[in-house]
$ cat entry.cif   # mmCIF, C-alpha atoms
data_input
#
loop_
_atom_site.label_atom_id
_atom_site.label_comp_id
_atom_site.auth_asym_id
_atom_site.auth_seq_id
_atom_site.Cartn_x
_atom_site.Cartn_y
_atom_site.Cartn_z
CA MET A 217 10.95 -13.63 -20.90
CA THR A 218 11.88 -17.25 -21.54
CA LYS A 219 12.43 -19.89 -18.89
CA ALA A 220 16.20 -19.72 -19.48
CA GLU A 221 16.21 -15.93 -19.18
CA PHE A 222 14.20 -16.16 -15.96
CA ILE A 223 16.72 -18.57 -14.44
CA GLU A 224 19.56 -16.30 -15.52
CA GLU A 225 17.84 -13.31 -13.85
CA LEU A 226 17.37 -15.35 -10.68
CA ALA A 227 21.06 -16.21 -10.70
CA ILE A 228 22.05 -12.55 -11.00
CA ILE A 229 19.69 -11.52 -8.18
CA LEU A 230 20.96 -14.30 -5.93
CA ASN A 231 24.66 -13.69 -6.61
CA GLU A 232 25.32 -17.01 -8.33
CA ASP A 233 27.12 -17.87 -11.53
CA PRO A 234 24.27 -18.57 -14.02
CA GLU A 235 26.20 -21.68 -15.11
CA ASN A 236 25.57 -23.18 -11.69
CA VAL A 237 21.86 -22.53 -11.49
CA LYS A 238 19.67 -25.33 -12.89
CA PRO A 239 15.99 -26.19 -12.34
CA GLU A 240 17.03 -28.91 -9.91
CA THR A 241 19.28 -26.56 -7.88
CA GLU A 242 18.07 -26.30 -4.29
CA VAL A 243 17.30 -22.69 -3.38
CA GLU A 244 18.85 -23.07 0.08
CA SER A 245 22.20 -23.72 -1.61
CA LEU A 246 22.16 -20.31 -3.34
CA ALA A 247 24.39 -17.70 -1.71
CA GLY A 248 21.83 -14.88 -1.96
CA TRP A 249 18.77 -16.81 -0.76
CA ASP A 250 18.12 -14.72 2.33
CA SER A 251 15.52 -12.09 3.17
CA THR A 252 17.11 -9.46 0.94
CA GLY A 253 17.48 -11.99 -1.88
CA LEU A 254 13.78 -12.76 -1.53
CA LEU A 255 12.98 -9.08 -2.09
CA GLY A 256 14.83 -9.30 -5.40
CA VAL A 257 12.90 -12.40 -6.41
CA ILE A 258 9.61 -10.74 -5.46
CA ALA A 259 10.60 -7.68 -7.51
CA LEU A 260 11.42 -9.93 -10.48
CA LEU A 261 8.10 -11.78 -10.25
CA ASP A 262 5.97 -8.74 -9.52
CA GLY A 263 7.71 -6.01 -11.48
CA ASP A 264 9.14 -7.75 -14.52
CA LEU A 265 6.55 -10.47 -14.98
CA GLY A 266 3.41 -9.14 -13.31
CA VAL A 267 2.99 -12.25 -11.18
CA SER A 268 1.08 -11.62 -7.96
CA VAL A 269 3.41 -12.96 -5.26
CA ASP A 270 2.33 -15.05 -2.31
CA VAL A 271 5.26 -14.95 0.13
CA ASP A 272 4.32 -18.22 1.81
CA GLY A 273 4.22 -19.88 -1.61
CA LEU A 274 7.61 -18.42 -2.37
CA ARG A 275 9.04 -19.71 0.92
CA ASP A 276 7.69 -23.17 0.13
CA CYS A 277 9.84 -23.33 -3.01
CA ARG A 278 12.58 -25.94 -2.62
CA THR A 279 14.22 -25.77 -6.02
CA VAL A 280 14.80 -23.25 -8.78
CA GLY A 281 12.28 -25.29 -10.80
CA ASP A 282 9.63 -24.51 -8.15
CA LEU A 283 10.35 -20.80 -8.67
CA VAL A 284 10.02 -21.29 -12.43
CA ASP A 285 6.62 -22.89 -11.80
CA LEU A 286 5.49 -19.77 -9.91
CA ALA A 287 6.39 -17.67 -12.94
CA SER A 288 5.40 -20.16 -15.63
CA VAL A 289 2.12 -18.54 -16.68
CA LYS A 290 4.03 -15.40 -17.61
CA LEU A 291 7.02 -17.04 -19.27
CA ASP A 292 7.28 -17.47 -23.06
CA MET B 267 -17.67 38.07 2.75
CA PRO B 268 -14.20 36.52 2.46
CA GLN B 269 -13.00 34.57 5.49
CA THR B 270 -9.55 35.17 6.89
CA HIS B 271 -7.16 32.62 8.36
CA ASN B 272 -9.42 29.83 7.34
CA LYS B 273 -7.11 27.01 6.24
CA ALA B 274 -4.61 24.90 8.12
CA SER B 275 -1.11 25.02 6.69
CA LEU B 276 2.16 23.33 7.54
CA THR B 277 4.43 26.33 8.08
CA ALA B 278 7.68 24.99 9.56
CA VAL B 279 9.51 21.77 10.44
CA GLU B 280 12.50 21.04 12.64
CA TYR B 281 13.99 17.73 13.63
CA CYS B 282 16.35 16.20 16.16
CA LEU B 283 18.56 13.14 15.91
CA PRO B 284 20.40 11.62 18.87
CA ASP B 285 24.17 12.12 18.95
CA ARG B 286 25.27 8.49 18.83
CA VAL B 287 25.82 7.10 15.33
CA LEU B 288 25.75 3.50 14.11
CA THR B 289 27.62 3.17 10.80
CA ASN B 290 27.65 0.39 8.21
CA GLU B 291 31.23 -0.24 9.33
CA ASP B 292 29.98 -0.85 12.89
CA ILE B 293 27.33 -3.32 11.66
CA ALA B 294 29.73 -5.12 9.31
CA ALA B 295 32.23 -5.49 12.17
CA ALA B 296 29.61 -7.28 14.28
CA HIS B 297 28.17 -9.26 11.34
CA PRO B 298 31.11 -10.09 9.03
CA GLU B 299 28.82 -11.98 6.64
CA TRP B 300 27.50 -8.57 5.52
CA SER B 301 29.93 -6.12 3.95
CA VAL B 302 29.71 -2.34 4.22
CA GLU B 303 28.98 -2.25 0.48
CA LYS B 304 26.22 -4.84 0.67
CA ILE B 305 24.46 -2.97 3.48
CA TYR B 306 24.53 0.24 1.47
CA GLU B 307 23.44 -1.47 -1.73
CA LYS B 308 20.45 -3.10 0.00
CA THR B 309 19.30 -0.10 2.03
CA GLY B 310 20.78 3.14 0.65
CA ILE B 311 21.71 3.94 4.26
CA CYS B 312 25.24 4.77 5.53
CA ARG B 313 24.49 5.56 9.17
CA ARG B 314 21.68 5.83 11.67
CA HIS B 315 21.43 7.80 14.89
CA ILE B 316 20.73 5.78 18.01
CA ALA B 317 19.36 7.14 21.27
CA ALA B 318 21.62 6.84 24.31
CA GLU B 319 20.62 4.68 27.22
CA GLY B 320 17.99 6.60 29.14
CA GLU B 321 17.34 8.95 26.22
CA THR B 322 13.78 8.57 24.94
CA ALA B 323 11.63 9.59 22.00
CA ALA B 324 10.13 12.29 24.22
CA ASP B 325 13.59 13.78 24.77
CA LEU B 326 14.15 13.95 21.02
CA ALA B 327 10.67 15.38 20.45
CA PHE B 328 11.33 18.00 23.13
CA ARG B 329 14.55 19.10 21.46
CA ALA B 330 12.93 19.21 18.01
CA ALA B 331 10.06 21.31 19.39
CA GLU B 332 12.43 23.71 21.17
CA ALA B 333 14.38 24.18 17.93
CA LEU B 334 11.15 24.82 16.02
CA LEU B 335 9.83 27.36 18.52
CA ASP B 336 13.20 29.12 18.65
CA ARG B 337 13.55 29.37 14.88
CA THR B 338 10.00 30.47 14.14
CA GLY B 339 9.67 32.73 17.16
CA CYS B 340 6.21 31.28 17.65
CA PRO B 341 5.00 32.33 21.13
CA ARG B 342 4.39 29.28 23.33
CA GLU B 343 1.17 30.73 24.70
CA GLU B 344 -0.33 30.61 21.20
CA ILE B 345 0.02 26.81 20.91
CA ASP B 346 -3.36 25.33 21.81
CA LEU B 347 -2.91 21.82 20.41
CA LEU B 348 -0.04 19.38 20.99
CA VAL B 349 -0.19 16.03 19.25
CA LEU B 350 2.49 13.36 19.56
CA CYS B 351 2.81 10.32 17.31
CA THR B 352 4.97 7.63 18.91
CA GLN B 353 5.24 3.89 19.41
CA THR B 354 7.93 4.32 22.06
CA PRO B 355 6.21 6.51 24.67
CA ASP B 356 7.89 7.21 28.01
CA TYR B 357 5.15 5.32 29.84
CA ALA B 358 2.11 3.18 29.09
CA LEU B 359 0.56 5.93 31.18
CA PRO B 360 0.53 8.88 31.54
CA THR B 361 0.32 10.22 27.99
CA THR B 362 3.71 11.47 26.84
CA ALA B 363 2.13 14.55 25.19
CA CYS B 364 0.95 15.65 28.64
CA VAL B 365 4.49 15.39 29.99
CA LEU B 366 5.76 17.37 27.00
CA GLN B 367 3.11 20.12 27.43
CA HIS B 368 4.66 20.88 30.79
CA ARG B 369 8.27 20.43 29.71
CA LEU B 370 7.78 22.77 26.75
CA GLY B 371 6.07 25.40 28.86
CA LEU B 372 2.89 25.34 26.80
CA PRO B 373 -0.26 26.80 28.33
CA THR B 374 -2.47 24.55 30.47
CA THR B 375 -5.34 25.48 28.11
CA CYS B 376 -3.55 23.45 25.42
CA ALA B 377 -5.14 20.21 24.23
CA ALA B 378 -2.61 17.35 24.18
CA PHE B 379 -2.73 13.70 23.24
CA ASP B 380 -0.64 10.85 21.80
CA TYR B 381 -1.65 8.60 18.97
CA ASN B 382 0.00 5.30 18.17
CA LEU B 383 0.94 4.87 14.52
CA GLY B 384 4.24 4.05 12.88
CA CYS B 385 5.32 4.92 9.38
CA SER B 386 1.90 6.29 8.35
CA GLY B 387 1.82 8.59 11.38
CA PHE B 388 2.93 11.92 9.95
CA VAL B 389 0.32 12.03 7.20
CA TYR B 390 -2.34 10.99 9.71
CA GLY B 391 -1.13 13.73 12.05
CA LEU B 392 -1.49 16.42 9.41
CA ALA B 393 -5.03 15.25 8.69
CA ILE B 394 -6.01 15.15 12.39
CA VAL B 395 -4.57 18.58 13.06
CA LYS B 396 -6.11 20.07 9.92
CA SER B 397 -9.52 18.79 10.98
CA MET B 398 -9.21 20.26 14.47
CA LEU B 399 -7.93 23.63 13.24
CA GLU B 400 -10.39 24.06 10.41
CA GLY B 401 -13.18 22.75 12.63
CA GLY B 402 -12.55 25.59 15.05
CA GLN B 403 -11.23 23.37 17.85
CA ALA B 404 -7.77 24.94 17.95
CA SER B 405 -5.78 27.61 16.16
CA LYS B 406 -2.10 26.66 16.33
CA ALA B 407 -0.80 23.12 16.56
CA LEU B 408 2.49 21.47 17.33
CA LEU B 409 2.62 18.06 15.67
CA LEU B 410 5.42 15.89 17.06
CA THR B 411 6.57 12.57 15.63
CA ALA B 412 9.17 10.67 17.61
CA ASP B 413 10.43 7.12 17.88
CA THR B 414 13.35 5.15 19.21
CA TYR B 415 12.89 1.74 17.60
CA SER B 416 16.48 1.00 18.63
CA LYS B 417 15.09 0.18 22.07
CA TRP B 418 13.17 -2.73 20.50
CA LEU B 419 15.92 -4.13 18.26
CA SER B 420 17.89 -7.29 18.89
CA PRO B 421 21.62 -6.69 18.26
CA ASP B 422 21.65 -10.01 16.41
CA ASP B 423 18.97 -8.99 13.91
CA LYS B 424 21.03 -7.30 11.25
CA GLY B 425 18.03 -6.98 8.91
CA VAL B 426 16.35 -4.40 11.14
CA LEU B 427 19.57 -2.93 12.57
CA THR B 428 20.58 -1.75 9.10
CA ILE B 429 17.28 0.00 8.46
CA PHE B 430 15.95 1.76 11.54
CA GLY B 431 17.29 4.94 13.09
CA ASP B 432 15.97 7.01 15.98
CA GLY B 433 14.72 10.55 15.53
CA ALA B 434 11.98 13.10 16.07
CA ALA B 435 10.42 15.94 14.15
CA ALA B 436 8.33 18.93 15.20
CA THR B 437 5.91 20.50 12.75
CA LEU B 438 4.01 23.75 13.15
CA VAL B 439 0.52 23.85 11.67
CA GLU B 440 -1.27 27.19 11.65
CA LEU B 441 -4.35 28.79 10.11
CA VAL B 442 -3.59 30.93 7.06
CA ASP B 443 -5.55 32.61 4.28
CA ALA B 444 -6.10 30.36 1.31
CA PRO B 445 -8.79 30.00 -1.32
CA ASP B 446 -10.98 26.88 -1.23
CA SER B 447 -9.51 25.86 -4.59
CA GLU B 448 -5.99 25.67 -3.14
CA PRO B 449 -6.11 24.11 0.33
CA PRO B 450 -2.61 24.00 1.88
CA LEU B 451 -3.33 20.52 3.31
CA GLY B 452 -5.31 17.76 1.64
CA PRO B 453 -7.04 15.91 0.24
CA PHE B 454 -6.05 12.76 2.12
CA VAL B 455 -6.68 9.07 1.48
CA TYR B 456 -6.20 6.29 4.02
CA GLY B 457 -6.01 2.55 4.29
CA THR B 458 -5.67 -0.20 6.87
CA ASP B 459 -5.13 -3.95 6.76
CA GLY B 460 -4.76 -5.36 10.25
CA GLY B 461 -4.37 -8.78 8.67
CA GLY B 462 -0.68 -7.89 8.48
CA PHE B 463 -0.39 -7.00 12.19
CA ASP B 464 2.13 -9.77 12.93
CA ARG B 465 4.52 -9.00 10.07
CA LEU B 466 6.03 -6.01 11.86
CA ILE B 467 5.50 -6.36 15.58
CA VAL B 468 7.04 -6.23 19.02
CA PRO B 469 5.36 -9.15 20.82
CA GLY B 470 4.86 -8.63 24.55
CA SER B 471 5.16 -4.84 24.28
CA GLY B 472 1.60 -4.26 25.49
CA ALA B 473 -1.01 -5.97 27.60
CA ARG B 474 -1.32 -9.09 25.45
CA PRO B 475 1.00 -11.89 26.59
CA ILE B 476 3.37 -13.44 24.07
CA ARG B 477 1.70 -16.51 22.60
CA GLU B 478 3.45 -19.34 20.82
CA GLU B 479 1.24 -19.03 17.74
CA ASP B 480 2.19 -15.35 17.36
CA CYS B 481 5.84 -16.38 17.36
CA ALA B 482 5.54 -19.23 14.87
CA ARG B 483 6.67 -17.02 11.99
CA MET B 484 9.69 -15.64 13.76
CA GLY B 485 11.91 -18.67 13.57
CA GLU B 486 13.81 -20.60 16.18
CA GLY B 487 16.22 -19.10 18.61
CA ARG B 488 15.30 -15.46 18.32
CA PRO B 489 14.25 -13.36 21.29
CA LYS B 490 10.46 -13.05 21.21
CA ASP B 491 10.18 -9.65 22.83
CA ARG B 492 12.20 -7.77 20.21
CA LEU B 493 11.00 -6.13 17.01
CA PHE B 494 10.17 -8.72 14.38
CA MET B 495 9.99 -7.74 10.71
CA ASP B 496 9.04 -10.10 7.92
CA GLY B 497 10.87 -8.23 5.17
CA PRO B 498 9.50 -10.11 2.15
CA GLU B 499 5.90 -9.77 3.41
CA ILE B 500 6.36 -6.05 4.12
CA PHE B 501 7.89 -5.54 0.68
CA THR B 502 5.02 -7.39 -1.00
CA PHE B 503 2.45 -5.39 0.98
CA THR B 504 4.20 -2.17 0.02
CA ILE B 505 4.52 -2.80 -3.71
CA ARG B 506 0.87 -3.82 -3.84
CA THR B 507 -0.51 -0.98 -1.76
CA VAL B 508 1.52 2.12 -2.49
CA PRO B 509 0.96 2.44 -6.26
CA ARG B 510 -2.80 2.02 -5.71
CA THR B 511 -2.78 4.61 -2.93
CA VAL B 512 -0.98 7.13 -5.12
CA LYS B 513 -3.55 6.55 -7.87
CA ALA B 514 -6.39 7.01 -5.39
CA LEU B 515 -4.86 10.25 -4.09
CA LEU B 516 -4.40 11.70 -7.58
CA ALA B 517 -7.98 10.74 -8.46
CA ARG B 518 -9.31 12.33 -5.26
CA ALA B 519 -7.34 15.50 -5.98
CA ALA B 520 -8.28 15.44 -9.69
CA CYS B 521 -4.66 15.91 -10.70
CA THR B 522 -1.77 14.00 -12.24
CA LEU B 523 1.91 13.61 -11.40
CA LYS B 524 2.56 16.48 -13.81
CA ASP B 525 0.68 18.84 -11.48
CA LEU B 526 2.97 17.99 -8.56
CA ASP B 527 6.39 19.47 -7.89
CA LEU B 528 7.74 16.84 -5.49
CA ILE B 529 6.71 13.43 -4.22
CA VAL B 530 7.86 12.41 -0.74
CA TYR B 531 7.36 8.81 0.31
CA HIS B 532 7.99 7.43 3.75
CA GLN B 533 11.75 6.81 3.65
CA ALA B 534 11.58 3.07 4.29
CA ASN B 535 14.77 2.10 2.49
CA ALA B 536 16.26 3.12 -0.83
CA TYR B 537 15.66 -0.25 -2.48
CA ILE B 538 11.91 -0.13 -1.86
CA LEU B 539 11.75 3.56 -2.81
CA GLU B 540 13.44 2.97 -6.16
CA TYR B 541 11.15 0.04 -6.88
CA LEU B 542 8.06 2.11 -6.07
CA ARG B 543 9.30 5.10 -8.05
CA ASN B 544 9.73 2.94 -11.14
CA ARG B 545 6.41 1.25 -10.62
CA SER B 546 4.50 4.55 -10.54
CA LYS B 547 6.73 6.12 -13.25
CA ILE B 548 7.70 9.09 -11.10
CA PRO B 549 10.52 11.18 -12.63
CA VAL B 550 13.73 11.08 -10.56
CA GLU B 551 13.83 14.89 -10.30
CA LYS B 552 10.45 14.93 -8.53
CA PHE B 553 11.18 12.05 -6.17
CA VAL B 554 12.77 12.60 -2.79
CA VAL B 555 15.24 10.12 -1.31
CA GLU B 556 16.78 11.44 1.92
CA LEU B 557 17.78 8.61 4.22
CA GLU B 558 21.47 8.00 3.68
CA GLY B 559 22.55 9.61 6.94
CA LYS B 560 19.53 8.80 9.10
CA GLY B 561 17.92 5.52 8.13
CA ASN B 562 14.22 4.82 8.58
CA THR B 563 13.05 6.99 11.47
CA VAL B 564 9.46 5.63 11.24
CA SER B 565 6.89 8.46 11.57
CA SER B 566 9.56 11.16 11.26
CA THR B 567 11.04 10.26 7.86
CA ILE B 568 8.73 12.55 5.89
CA PRO B 569 9.09 15.72 8.01
CA ILE B 570 12.86 15.14 8.25
CA ALA B 571 13.05 14.85 4.46
CA LEU B 572 10.95 18.02 4.09
CA ARG B 573 13.32 19.99 6.31
CA ASP B 574 16.37 18.59 4.51
CA ILE B 575 15.13 19.53 1.05
CA GLU B 576 14.00 22.92 2.34
CA MET B 577 17.53 23.63 3.58
CA GLN B 578 18.99 22.37 0.29
CA GLY B 579 16.80 24.90 -1.54
CA ARG B 580 14.95 22.13 -3.38
CA LEU B 581 11.68 22.80 -1.55
CA LYS B 582 10.27 26.28 -2.21
CA PRO B 583 7.16 28.16 -1.08
CA GLY B 584 4.13 27.47 -3.27
CA MET B 585 5.28 24.00 -4.31
CA ARG B 586 2.68 21.28 -4.36
CA LEU B 587 3.75 17.94 -2.88
CA ALA B 588 2.34 14.47 -2.43
CA LEU B 589 3.21 12.75 0.85
CA VAL B 590 2.80 8.98 0.90
CA ALA B 591 3.26 6.97 4.11
CA PHE B 592 2.93 3.23 4.69
CA GLY B 593 4.01 0.54 7.11
CA VAL B 594 3.39 -1.15 10.44
CA GLY B 595 -0.26 -2.03 11.06
CA TYR B 596 -0.54 -2.38 8.11
CA SER B 597 -1.50 1.26 7.93
CA TRP B 598 -1.11 3.77 5.13
CA ALA B 599 -2.12 7.31 4.24
CA ALA B 600 -1.33 9.84 1.55
CA GLY B 601 -2.06 13.50 1.12
CA LEU B 602 -1.22 16.62 -0.82
CA ILE B 603 0.34 19.68 0.73
CA ARG B 604 1.19 23.08 -0.58
CA TRP B 605 4.43 24.24 0.98
CA HIS B 606 3.94 27.48 2.87
CA GLY B 607 7.39 28.08 4.28
CA ARG B 608 7.72 30.79 6.89
CA ALA B 609 10.01 33.67 6.04
CA ASN B 610 12.18 32.82 9.07
#
$ encode --input "entry.cif" --output "structure tokens"
Amino acid sequence: MTKAEFIEELAIILNEDPENVKPETEVESLAGWDSTGLLGVIALLDGDLGVSVDVDGLRDCRTVGDLVDLASVKLD
Amino acid sequence: MPQTHNKASLTAVEYCLPDRVLTNEDIAAAHPEWSVEKIYEKTGICRRHIAAEGETAADLAFRAAEALLDRTGCPREEIDLLVLCTQTPDYALPTTACVLQHRLGLPTTCAAFDYNLGCSGFVYGLAIVKSMLEGGQASKALLLTADTYSKWLSPDDKGVLTIFGDGAAATLVELVDAPDSEPPLGPFVYGTDGGGFDRLIVPGSGARPIREEDCARMGEGRPKDRLFMDGPEIFTFTIRTVPRTVKALLARAACTLKDLDLIVYHQANAYILEYLRNRSKIPVEKFVVELEGKGNTVSSTIPIALRDIEMQGRLKPGMRLALVAFGVGYSWAAGLIRWHGRAN
């Protein structure tokens, strides 16, 4: 999975138009960034990428770029 | 010389749900930011049954047990062990199982006790009862699981309102003839991680006072004495623990998924179940999802699902099943059963 594909997946999970989701986008501004949205992000990181998720680390993410950093070791 | 009636077997299950129903429409009406469709998509649940005011888990357990004894025709005087799993007992003391022994008209020679576990409780109960029966401590057991988490929920916490339902199940475990190579119950594997104790908790529900540091995670403005669930932490715990537990169970039993007819997980919510099913590559036709009309009834989800699939004709005598239970504690347990199924 590339970085762009990862961001597109995030957008789908969080109910946003992929056009509107950029690395600098603040996660709090995303419609689906609530507890159920977090489950989707955890599933994406854990299931699709094999990244061991630390929920506190995930909650500390401020921007989409921070989420990309969590996944970066597994991205192409 | 061959032994007779030497192995504990689960022979019948009944369950009871309270009459009152909470639908997705009801929840969406109170929380317009969540649609009926979104609730279903996120949980796989359409409605949950909620105990009436003054109606307790013990009432539900009583009705489930009465239904079980009626259907099986099992004489009450033969029950010599009554075990109740609940986290919503009638009293801190006395033990609710003692109250139920009397209410059910079971003999005063019957052993009775409660144990406090949540979602892992049914599998634990089977293991406890098996040990007591096969160890010669009792001969016929009534295993009750019952909870009314609704009593702990805040009406403002839609996350937990959508998931939990009240309910109780009654399971009959008896000694039957079975060869050592085909035990009706077991093997079992267990696990515990109390490090997650505060991720699913009702603060102030026991002797320990509510402390500020325990509440730090819960966020501002929420009532501190209601059930708190950290969904993302629970999900992460579950996806890490359950696949490993299933592997450990299969290794202990020296079998593979191919040797099993059905796999019944604790019915937490459909989203988690589908994720776990994929993760462990369990074929859809072997995987049981039965929570649409009941929600997550904590320790009763597995026996309720067993009774539902038995009535649907999906569960047949002789089938070999894996039961996998996980949740609050954190606590988890898994075991194999061979379905006995009484003729009646």
$ resolve_selection --input "entry.cif" --expression "the PyMOL selection byres ((chain A) within 7 of (chain B))" --output "MDAnalysis selection string"
chainID A and resid 251 254:255 271
$ resolve_selection --input "entry.cif" --expression "the PyMOL selection byres ((chain B and resi 435) around 10)" --output "PDB file with C-alpha atoms, keeping the file's coordinate frame"
ATOM      1  CA  VAL B 279       9.510  21.770  10.440  1.00  0.00           C
ATOM      2  CA  GLU B 280      12.500  21.040  12.640  1.00  0.00           C
ATOM      3  CA  TYR B 281      13.990  17.730  13.630  1.00  0.00           C
ATOM      4  CA  CYS B 282      16.350  16.200  16.160  1.00  0.00           C
ATOM      5  CA  LEU B 283      18.560  13.140  15.910  1.00  0.00           C
ATOM      6  CA  LEU B 326      14.150  13.950  21.020  1.00  0.00           C
ATOM      7  CA  ALA B 327      10.670  15.380  20.450  1.00  0.00           C
ATOM      8  CA  PHE B 328      11.330  18.000  23.130  1.00  0.00           C
ATOM      9  CA  ARG B 329      14.550  19.100  21.460  1.00  0.00           C
ATOM     10  CA  ALA B 330      12.930  19.210  18.010  1.00  0.00           C
ATOM     11  CA  ALA B 331      10.060  21.310  19.390  1.00  0.00           C
ATOM     12  CA  ALA B 333      14.380  24.180  17.930  1.00  0.00           C
ATOM     13  CA  LEU B 334      11.150  24.820  16.020  1.00  0.00           C
ATOM     14  CA  LEU B 350       2.490  13.360  19.560  1.00  0.00           C
ATOM     15  CA  CYS B 351       2.810  10.320  17.310  1.00  0.00           C
ATOM     16  CA  PHE B 388       2.930  11.920   9.950  1.00  0.00           C
ATOM     17  CA  LEU B 409       2.620  18.060  15.670  1.00  0.00           C
ATOM     18  CA  LEU B 410       5.420  15.890  17.060  1.00  0.00           C
ATOM     19  CA  THR B 411       6.570  12.570  15.630  1.00  0.00           C
ATOM     20  CA  ALA B 412       9.170  10.670  17.610  1.00  0.00           C
ATOM     21  CA  ASP B 413      10.430   7.120  17.880  1.00  0.00           C
ATOM     22  CA  GLY B 433      14.720  10.550  15.530  1.00  0.00           C
ATOM     23  CA  ALA B 434      11.980  13.100  16.070  1.00  0.00           C
ATOM     24  CA  ALA B 436       8.330  18.930  15.200  1.00  0.00           C
ATOM     25  CA  THR B 437       5.910  20.500  12.750  1.00  0.00           C
ATOM     26  CA  THR B 563      13.050   6.990  11.470  1.00  0.00           C
ATOM     27  CA  SER B 565       6.890   8.460  11.570  1.00  0.00           C
ATOM     28  CA  SER B 566       9.560  11.160  11.260  1.00  0.00           C
ATOM     29  CA  THR B 567      11.040  10.260   7.860  1.00  0.00           C
ATOM     30  CA  ILE B 568       8.730  12.550   5.890  1.00  0.00           C
ATOM     31  CA  PRO B 569       9.090  15.720   8.010  1.00  0.00           C
ATOM     32  CA  ILE B 570      12.860  15.140   8.250  1.00  0.00           C
ATOM     33  CA  ARG B 573      13.320  19.990   6.310  1.00  0.00           C
TER      34      ARG B 573
END
$ closest_residue --input "entry.cif" --among "B:Lys524, B:Glu344, B:Gly457, B:Val365" --to "Leu441 in chain B" --atoms "only C-alpha atoms"
B:Glu344
$ atom_distance --input "entry.cif" --atom1 "CA of Val257 in chain A" --atom2 "CA of Val530 in chain B"
25.9 Å
$ resolve_selection --input "entry.cif" --expression "the PyMOL selection byres ((chain A and resi 238) around 9)" --output "PyMOL selection string"
chain A and resi 223+234-237+239-242+279-281
$ residues_around --input "entry.cif" --residues "Asn290 in chain B" --least-positions-apart "3" --cutoff "12 Å" --atoms "only C-alpha atoms" --output "PDB file with C-alpha atoms, in the coordinates of the input"
ATOM      1  CA  VAL B 287      25.820   7.100  15.330  1.00  0.00           C
ATOM      2  CA  ILE B 293      27.330  -3.320  11.660  1.00  0.00           C
ATOM      3  CA  ALA B 294      29.730  -5.120   9.310  1.00  0.00           C
ATOM      4  CA  ALA B 295      32.230  -5.490  12.170  1.00  0.00           C
ATOM      5  CA  ALA B 296      29.610  -7.280  14.280  1.00  0.00           C
ATOM      6  CA  HIS B 297      28.170  -9.260  11.340  1.00  0.00           C
ATOM      7  CA  PRO B 298      31.110 -10.090   9.030  1.00  0.00           C
ATOM      8  CA  TRP B 300      27.500  -8.570   5.520  1.00  0.00           C
ATOM      9  CA  SER B 301      29.930  -6.120   3.950  1.00  0.00           C
ATOM     10  CA  VAL B 302      29.710  -2.340   4.220  1.00  0.00           C
ATOM     11  CA  GLU B 303      28.980  -2.250   0.480  1.00  0.00           C
ATOM     12  CA  LYS B 304      26.220  -4.840   0.670  1.00  0.00           C
ATOM     13  CA  ILE B 305      24.460  -2.970   3.480  1.00  0.00           C
ATOM     14  CA  TYR B 306      24.530   0.240   1.470  1.00  0.00           C
ATOM     15  CA  GLU B 307      23.440  -1.470  -1.730  1.00  0.00           C
ATOM     16  CA  LYS B 308      20.450  -3.100   0.000  1.00  0.00           C
ATOM     17  CA  THR B 309      19.300  -0.100   2.030  1.00  0.00           C
ATOM     18  CA  GLY B 310      20.780   3.140   0.650  1.00  0.00           C
ATOM     19  CA  ILE B 311      21.710   3.940   4.260  1.00  0.00           C
ATOM     20  CA  CYS B 312      25.240   4.770   5.530  1.00  0.00           C
ATOM     21  CA  ARG B 313      24.490   5.560   9.170  1.00  0.00           C
ATOM     22  CA  ARG B 314      21.680   5.830  11.670  1.00  0.00           C
ATOM     23  CA  HIS B 315      21.430   7.800  14.890  1.00  0.00           C
ATOM     24  CA  LYS B 424      21.030  -7.300  11.250  1.00  0.00           C
ATOM     25  CA  LEU B 427      19.570  -2.930  12.570  1.00  0.00           C
ATOM     26  CA  THR B 428      20.580  -1.750   9.100  1.00  0.00           C
ATOM     27  CA  ILE B 429      17.280   0.000   8.460  1.00  0.00           C
ATOM     28  CA  GLU B 558      21.470   8.000   3.680  1.00  0.00           C
ATOM     29  CA  GLY B 559      22.550   9.610   6.940  1.00  0.00           C
ATOM     30  CA  LYS B 560      19.530   8.800   9.100  1.00  0.00           C
ATOM     31  CA  GLY B 561      17.920   5.520   8.130  1.00  0.00           C
TER      32      GLY B 561
END
$ residues_around --input "entry.cif" --residues "Asp459 in chain B" --least-positions-apart "6" --cutoff "12 Å" --atoms "all atoms listed in the file" --output "count of residues only"
13
$ residues_near_point --input "entry.cif" --point "(9.3, 23.0, 3.7)" --cutoff "6 Å" --atoms "only C-alpha atoms" --output "PyMOL selection string"
chain B and resi 572-573+576+581+605+607
$ write_last_selection --input "entry.cif" --atoms "C-alpha atoms" --output "CSV table (one decimal), keeping the file's coordinate frame"
chain,number,residue,atom,x,y,z
B,572,LEU,CA,11.0,18.0,4.1
B,573,ARG,CA,13.3,20.0,6.3
B,576,GLU,CA,14.0,22.9,2.3
B,581,LEU,CA,11.7,22.8,-1.6
B,605,TRP,CA,4.4,24.2,1.0
B,607,GLY,CA,7.4,28.1,4.3
$ closest_residue --input "entry.cif" --among "B:Ala444, B:Leu372, B:Ile345, B:Val512" --to "Ala407 in chain B" --atoms "all atoms listed in the file"
B:Ile345
$ atom_distance --input "entry.cif" --atom1 "CA of Ala534 in chain B" --atom2 "CA of Glu551 in chain B"
18.9 Å
$ atom_distance --input "entry.cif" --atom1 "CA of Ala363 in chain B" --atom2 "CA of Phe379 in chain B"
5.3 Å
